[in-house]
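Enquirer: So here's query.cif (mmCIF, C-alpha atoms).
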data_work
loop_
_atom_site.label_atom_id
_atom_site.label_comp_id
_atom_site.auth_asym_id
_atom_site.auth_seq_id
_atom_site.Cartn_x
_atom_site.Cartn_y
_atom_site.Cartn_z
CA MET A 225 -6.60 14.34 11.72
CA PRO A 226 -2.93 13.59 12.48
CA ALA A 227 -0.12 14.82 10.25
CA ASP A 228 -0.28 13.27 6.83
CA PRO A 229 2.66 11.02 5.94
CA LEU A 230 2.23 12.00 2.28
CA ASN A 231 3.35 15.51 3.04
CA SER A 232 6.05 14.78 5.59
CA VAL A 233 9.04 17.08 5.57
CA GLU A 234 11.20 14.22 6.80
CA LYS A 235 13.13 12.32 4.16
CA PRO A 236 11.77 8.78 4.23
CA GLY A 237 14.04 5.80 3.83
CA PRO A 238 13.70 3.32 1.00
CA GLY A 239 10.72 1.00 0.84
CA PRO A 240 11.10 -2.58 2.00
CA ASP A 241 12.62 -4.99 -0.49
CA GLY A 242 10.31 -7.35 -2.26
CA ALA A 243 7.03 -5.49 -1.73
CA ALA A 244 4.81 -4.73 -4.67
CA ALA A 245 4.27 -1.38 -6.31
CA GLY A 246 1.16 -2.49 -8.07
CA GLY A 247 0.49 -4.30 -11.28
CA THR A 248 -2.21 -6.65 -12.38
CA ALA A 249 -2.27 -9.05 -9.44
CA PRO A 250 -5.76 -10.36 -8.64
CA ARG A 251 -7.47 -8.88 -5.61
CA PRO A 252 -9.09 -11.83 -3.87
CA ASP A 253 -12.60 -11.38 -2.50
CA ALA A 254 -12.13 -13.83 0.38
CA VAL A 255 -9.50 -15.36 2.60
CA GLU A 256 -9.84 -18.95 3.75
CA VAL A 257 -7.67 -20.08 6.67
CA ARG A 258 -6.96 -23.79 6.89
CA ARG A 259 -5.49 -25.20 10.10
CA SER A 260 -3.38 -28.35 10.05
CA ALA A 261 -2.24 -30.51 12.97
CA ARG A 262 0.67 -31.72 10.84
CA ARG A 263 1.94 -28.21 10.26
CA ARG A 264 4.22 -27.25 13.16
CA ARG A 265 5.78 -23.85 12.44
CA THR A 266 5.41 -22.89 8.81
CA VAL A 267 2.76 -20.68 7.26
CA SER A 268 2.04 -20.64 3.53
CA ALA A 269 -0.53 -19.12 1.20
CA TYR A 270 -1.69 -19.36 -2.38
CA ARG A 271 -4.40 -18.00 -4.69
CA GLU A 272 -7.33 -20.23 -5.58
CA GLY A 273 -9.76 -18.57 -7.96
CA GLY A 274 -10.98 -15.33 -6.40
CA ARG A 275 -9.78 -16.16 -2.91
CA THR A 276 -6.58 -16.61 -0.93
CA VAL A 277 -5.95 -19.79 1.06
CA VAL A 278 -3.65 -19.44 4.09
CA LEU A 279 -2.30 -22.62 5.71
CA ILE A 280 -1.35 -22.36 9.39
CA PRO A 281 -0.52 -24.69 12.30
CA ALA A 282 -3.61 -25.84 14.23
CA ARG A 283 -2.19 -24.59 17.55
CA MET A 284 -1.87 -20.96 16.37
CA SER A 285 -3.94 -18.41 18.33
CA LYS A 286 -6.55 -16.20 16.67
CA GLU A 287 -4.30 -13.16 17.15
CA GLU A 288 -1.37 -14.93 15.46
CA GLU A 289 -3.72 -16.05 12.70
CA ARG A 290 -4.82 -12.45 11.99
CA ARG A 291 -1.21 -11.25 11.94
CA TRP A 292 -0.05 -14.03 9.63
CA VAL A 293 -2.96 -13.57 7.23
CA GLY A 294 -1.91 -9.93 6.79
CA VAL A 295 1.73 -10.90 6.31
CA MET A 296 0.90 -13.55 3.73
CA LEU A 297 -1.49 -11.30 1.78
CA ASP A 298 1.26 -8.68 1.45
CA LYS A 299 3.82 -11.35 0.52
CA LEU A 300 1.60 -12.78 -2.22
CA ALA A 301 0.89 -9.33 -3.62
CA ALA A 302 4.62 -8.67 -3.73
CA GLN A 303 5.35 -11.92 -5.55
CA GLU A 304 2.60 -11.33 -8.10
CA SER A 305 3.41 -7.72 -8.82
CA ARG A 306 7.17 -7.32 -8.85
CA ARG A 307 7.27 -5.33 -12.04
CA THR A 308 6.87 -1.56 -11.93
CA LEU A 309 3.90 0.00 -13.67
CA ASP A 310 4.78 2.28 -16.55
CA ASP A 311 3.20 5.74 -16.72
CA GLY A 312 0.36 4.54 -18.97
CA GLU A 313 -0.55 1.73 -16.57
CA LEU A 314 -0.28 4.13 -13.64
CA ALA A 315 -2.71 6.52 -15.35
CA ALA A 316 -5.14 3.66 -16.08
CA ARG A 317 -4.96 2.61 -12.42
CA ALA A 318 -5.75 6.18 -11.35
CA VAL A 319 -8.82 6.26 -13.61
CA ARG A 320 -10.03 2.95 -12.17
CA LEU A 321 -9.55 4.19 -8.60
CA SER A 322 -11.37 7.44 -9.37
CA GLU A 323 -14.31 5.50 -10.77
CA GLN A 324 -14.36 3.06 -7.88
CA TYR A 325 -13.98 5.49 -4.97
CA LEU A 326 -14.63 9.03 -6.26
CA LEU A 327 -17.53 8.38 -8.67
CA GLY A 328 -15.15 9.17 -11.55
CA ARG A 329 -15.09 12.87 -10.65
CA ALA A 330 -11.30 13.12 -10.44
CA ARG A 331 -9.97 13.07 -13.99
CA PRO A 332 -6.21 13.50 -14.18
CA ALA A 333 -4.70 14.67 -17.46
CA THR A 334 -1.38 12.98 -16.65
CA VAL A 335 -0.11 10.55 -14.03
CA ARG A 336 3.59 9.72 -13.96
CA TRP A 337 6.54 8.58 -11.87
CA VAL A 338 9.16 11.18 -10.95
CA THR A 339 12.60 10.87 -9.35
CA ASN A 340 12.85 14.38 -7.88
CA GLN A 341 10.41 13.99 -4.97
CA ASN A 342 12.40 12.96 -1.95
CA THR A 343 10.35 14.59 0.81
CA ARG A 344 6.85 13.63 -0.31
CA TRP A 345 5.22 10.56 -1.79
CA GLY A 346 3.07 12.33 -4.34
CA SER A 347 1.99 15.72 -5.60
CA CYS A 348 -0.55 17.19 -7.97
CA THR A 349 -1.25 20.41 -9.83
CA PRO A 350 -5.05 20.72 -10.00
CA ALA A 351 -4.97 23.50 -12.62
CA GLU A 352 -3.11 21.16 -15.00
CA GLY A 353 -4.73 17.93 -13.81
CA SER A 354 -1.27 16.42 -13.34
CA ILE A 355 -0.28 13.88 -10.70
CA ARG A 356 3.30 12.89 -9.91
CA LEU A 357 4.28 9.95 -7.72
CA SER A 358 7.69 9.49 -6.16
CA HIS A 359 9.71 6.59 -7.55
CA ARG A 360 10.27 5.61 -3.89
CA LEU A 361 6.76 4.08 -3.95
CA GLN A 362 7.95 1.47 -6.43
CA GLY A 363 8.32 -1.74 -4.45
CA MET A 364 5.65 -0.90 -1.85
CA PRO A 365 2.42 -2.92 -1.46
CA GLU A 366 -0.44 -2.28 -3.89
CA TYR A 367 -2.74 -0.87 -1.22
CA VAL A 368 -0.13 1.80 -0.39
CA LEU A 369 0.24 2.82 -4.04
CA ASP A 370 -3.56 2.93 -4.38
CA TYR A 371 -3.85 5.13 -1.29
CA VAL A 372 -1.26 7.61 -2.57
CA LEU A 373 -2.97 7.74 -5.98
CA LEU A 374 -6.36 8.30 -4.34
CA HIS A 375 -4.88 10.97 -2.09
CA GLU A 376 -3.63 12.91 -5.10
CA LEU A 377 -6.85 12.29 -7.03
CA ALA A 378 -8.79 13.75 -4.09
CA HIS A 379 -6.63 16.87 -4.31
CA LEU A 380 -7.87 17.38 -7.87
CA LEU A 381 -11.29 17.87 -6.24
CA VAL A 382 -10.44 19.45 -2.88
CA PRO A 383 -7.27 21.44 -2.11
CA GLY A 384 -5.74 21.18 1.36
CA HIS A 385 -6.38 18.58 4.04
CA GLY A 386 -9.64 19.78 5.58
CA PRO A 387 -12.65 17.65 6.55
CA ASP A 388 -14.04 17.63 2.99
CA PHE A 389 -10.77 16.18 1.72
CA TRP A 390 -10.66 13.37 4.30
CA ARG A 391 -14.31 12.51 3.64
CA LEU A 392 -13.36 11.69 0.05
CA LEU A 393 -10.85 9.10 1.30
CA GLU A 394 -13.27 7.43 3.73
CA ALA A 395 -14.52 5.14 0.94
CA TYR A 396 -11.10 3.50 0.59
CA PRO A 397 -11.00 0.72 3.22
CA ARG A 398 -7.21 0.61 3.63
CA THR A 399 -6.53 4.31 4.21
CA GLU A 400 -5.40 3.93 7.83
CA ARG A 401 -3.30 0.85 7.08
CA ALA A 402 -1.56 2.61 4.18
CA ARG A 403 -0.92 5.73 6.28
CA GLY A 404 0.54 3.50 9.01
CA PHE A 405 2.81 1.78 6.47
CA LEU A 406 4.12 5.11 5.17
CA GLU A 407 4.63 6.43 8.70
CA GLY A 408 6.61 3.26 9.47
CA VAL A 409 8.83 3.78 6.43
CA ILE A 410 9.47 7.37 7.52
CA ALA A 411 10.25 6.27 11.09
CA ALA A 412 12.58 3.51 9.87
CA GLY A 413 14.50 6.10 7.87
CA ARG A 414 15.25 7.96 11.10
CA LEU A 415 16.67 4.94 12.94
CA PRO A 416 20.42 4.96 13.58
CA ASN A 417 22.53 2.27 11.97
CA LEU A 418 22.99 -0.36 14.65
CA PRO A 419 26.21 -2.39 14.91
CA ARG A 420 26.04 -5.93 13.62
CA ASP A 421 26.31 -8.88 16.05
CA GLY A 422 29.87 -9.50 17.10
CA GLY A 423 31.10 -6.09 15.99
CA GLU A 424 31.89 -2.99 17.96
#
Transcribe the structure of this file into structure tokens.

Expert:
Amino acid sequence: MPADPLNSVEKPGPGPDGAAAGGTAPRPDAVEVRRSARRRRTVSAYREGGRTVVLIPARMSKEEERRWVGVMLDKLAAQESRRTLDDGELAARAVRLSEQYLLGRARPATVRWVTNQNTRWGSCTPAEGSIRLSHRLQGMPEYVLDYVLLHELAHLLVPGHGPDFWRLLEAYPRTERARGFLEGVIAAGRLPNLPRDGGE
């Protein structure tokens, strides 16, 4: 298993503006893509019951469609969940995730935001049952927050990052996507500041 972005020793940059940290946004069960010959360049999306409808130009390729569906799902989640969860809501979310993906076996005593973790996204103390998440996760997509919470919940059951630990995370379908997002944030934090157009 490659290095885990949760335990990177690099100092990640800030999360992207406008992305969601979580909240009570609905998680649609289905995505419906509607193509329109009238639509030339714009893509839009909205929630309709338990599904998301994405409107795209008819000429768009399947590859572009897949990319835009992902973009619009993240954008909707950000719009619906701009507020930051308080510690109580964060703890409730952790309990729900434990029940959904870990058969309820991980039972944290406390789950809270902290502002003193600048080189890791989360940490836990299994002996105390405490989980701490970096405030830098606030503003990131829900699936990233859920992954970090599950990662720390798994550490309440298995210390270290051996095969048994990673097997616990296999049930979460967006593990690789969330790890890729966090790796991208870390990489972006290492980029040099480029000059603006027209400047030297």

Enquirer: Nearest to Glu323 in chain A: which of A:Leu300, A:Val267, A:Leu374, A:Leu406 is it, counting all atoms listed in the file?

Expert: A:Leu374

Enquirer: Excluding Leu377 in chain A and residues on its chain fewer than 4 positions from it, collect all residues at most 10 Å away from it, counting all atoms listed in the file, and give them as a list in words.

Expert: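 Those residues are Ala318, Val319, Leu321, Ser322, Leu326, Gly328, Arg329, Ala330, Arg331, Pro332, Val335, Ser347, Cys348, Pro350, Gly353, Ser354, Ile355, Tyr371, Val372, Leu373, Leu381, Val382, Leu392 and Leu393 of chain A.
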
Enquirer: Could you list, as a PyMOL selection string, every residue within 8 Å of Ala269 in chain A, counting only C-alpha atoms and ignoring same-chain residues fewer than 4 positions away?

Expert: chain A and resi 276-279+296-297+300

Enquirer: Which distance in Å separates CA of Gly413 in chain A and CA of Gly294 in chain A, to one decimal?

Expert: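 Spanning CA of Gly413 in chain A to CA of Gly294 in chain A is a straight-line distance of 23.0 Å.
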
Enquirer: Rounded to one decimal place, report the CA of Thr399 in chain A-CA of Val338 in chain A distance in Å.

Expert: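 Separation between CA of Thr399 in chain A and CA of Val338 in chain A: 22.9 Å.
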
Enquirer: Just give me the gap between CA of His375 in chain A and CA of Leu327 in chain A in Å, one decimal is fine.

Expert: 14.5 Å

Enquirer: When distances are computed from only C-alpha atoms, which of A:Glu288, A:Tyr325, A:Trp337, A:Ala378 shows the smallest separation from Asp311 in chain A?

Expert: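 Going through A:Glu288, A:Tyr325, A:Trp337, A:Ala378 one by one, the smallest distance to Asp311 in chain A is for A:Trp337.
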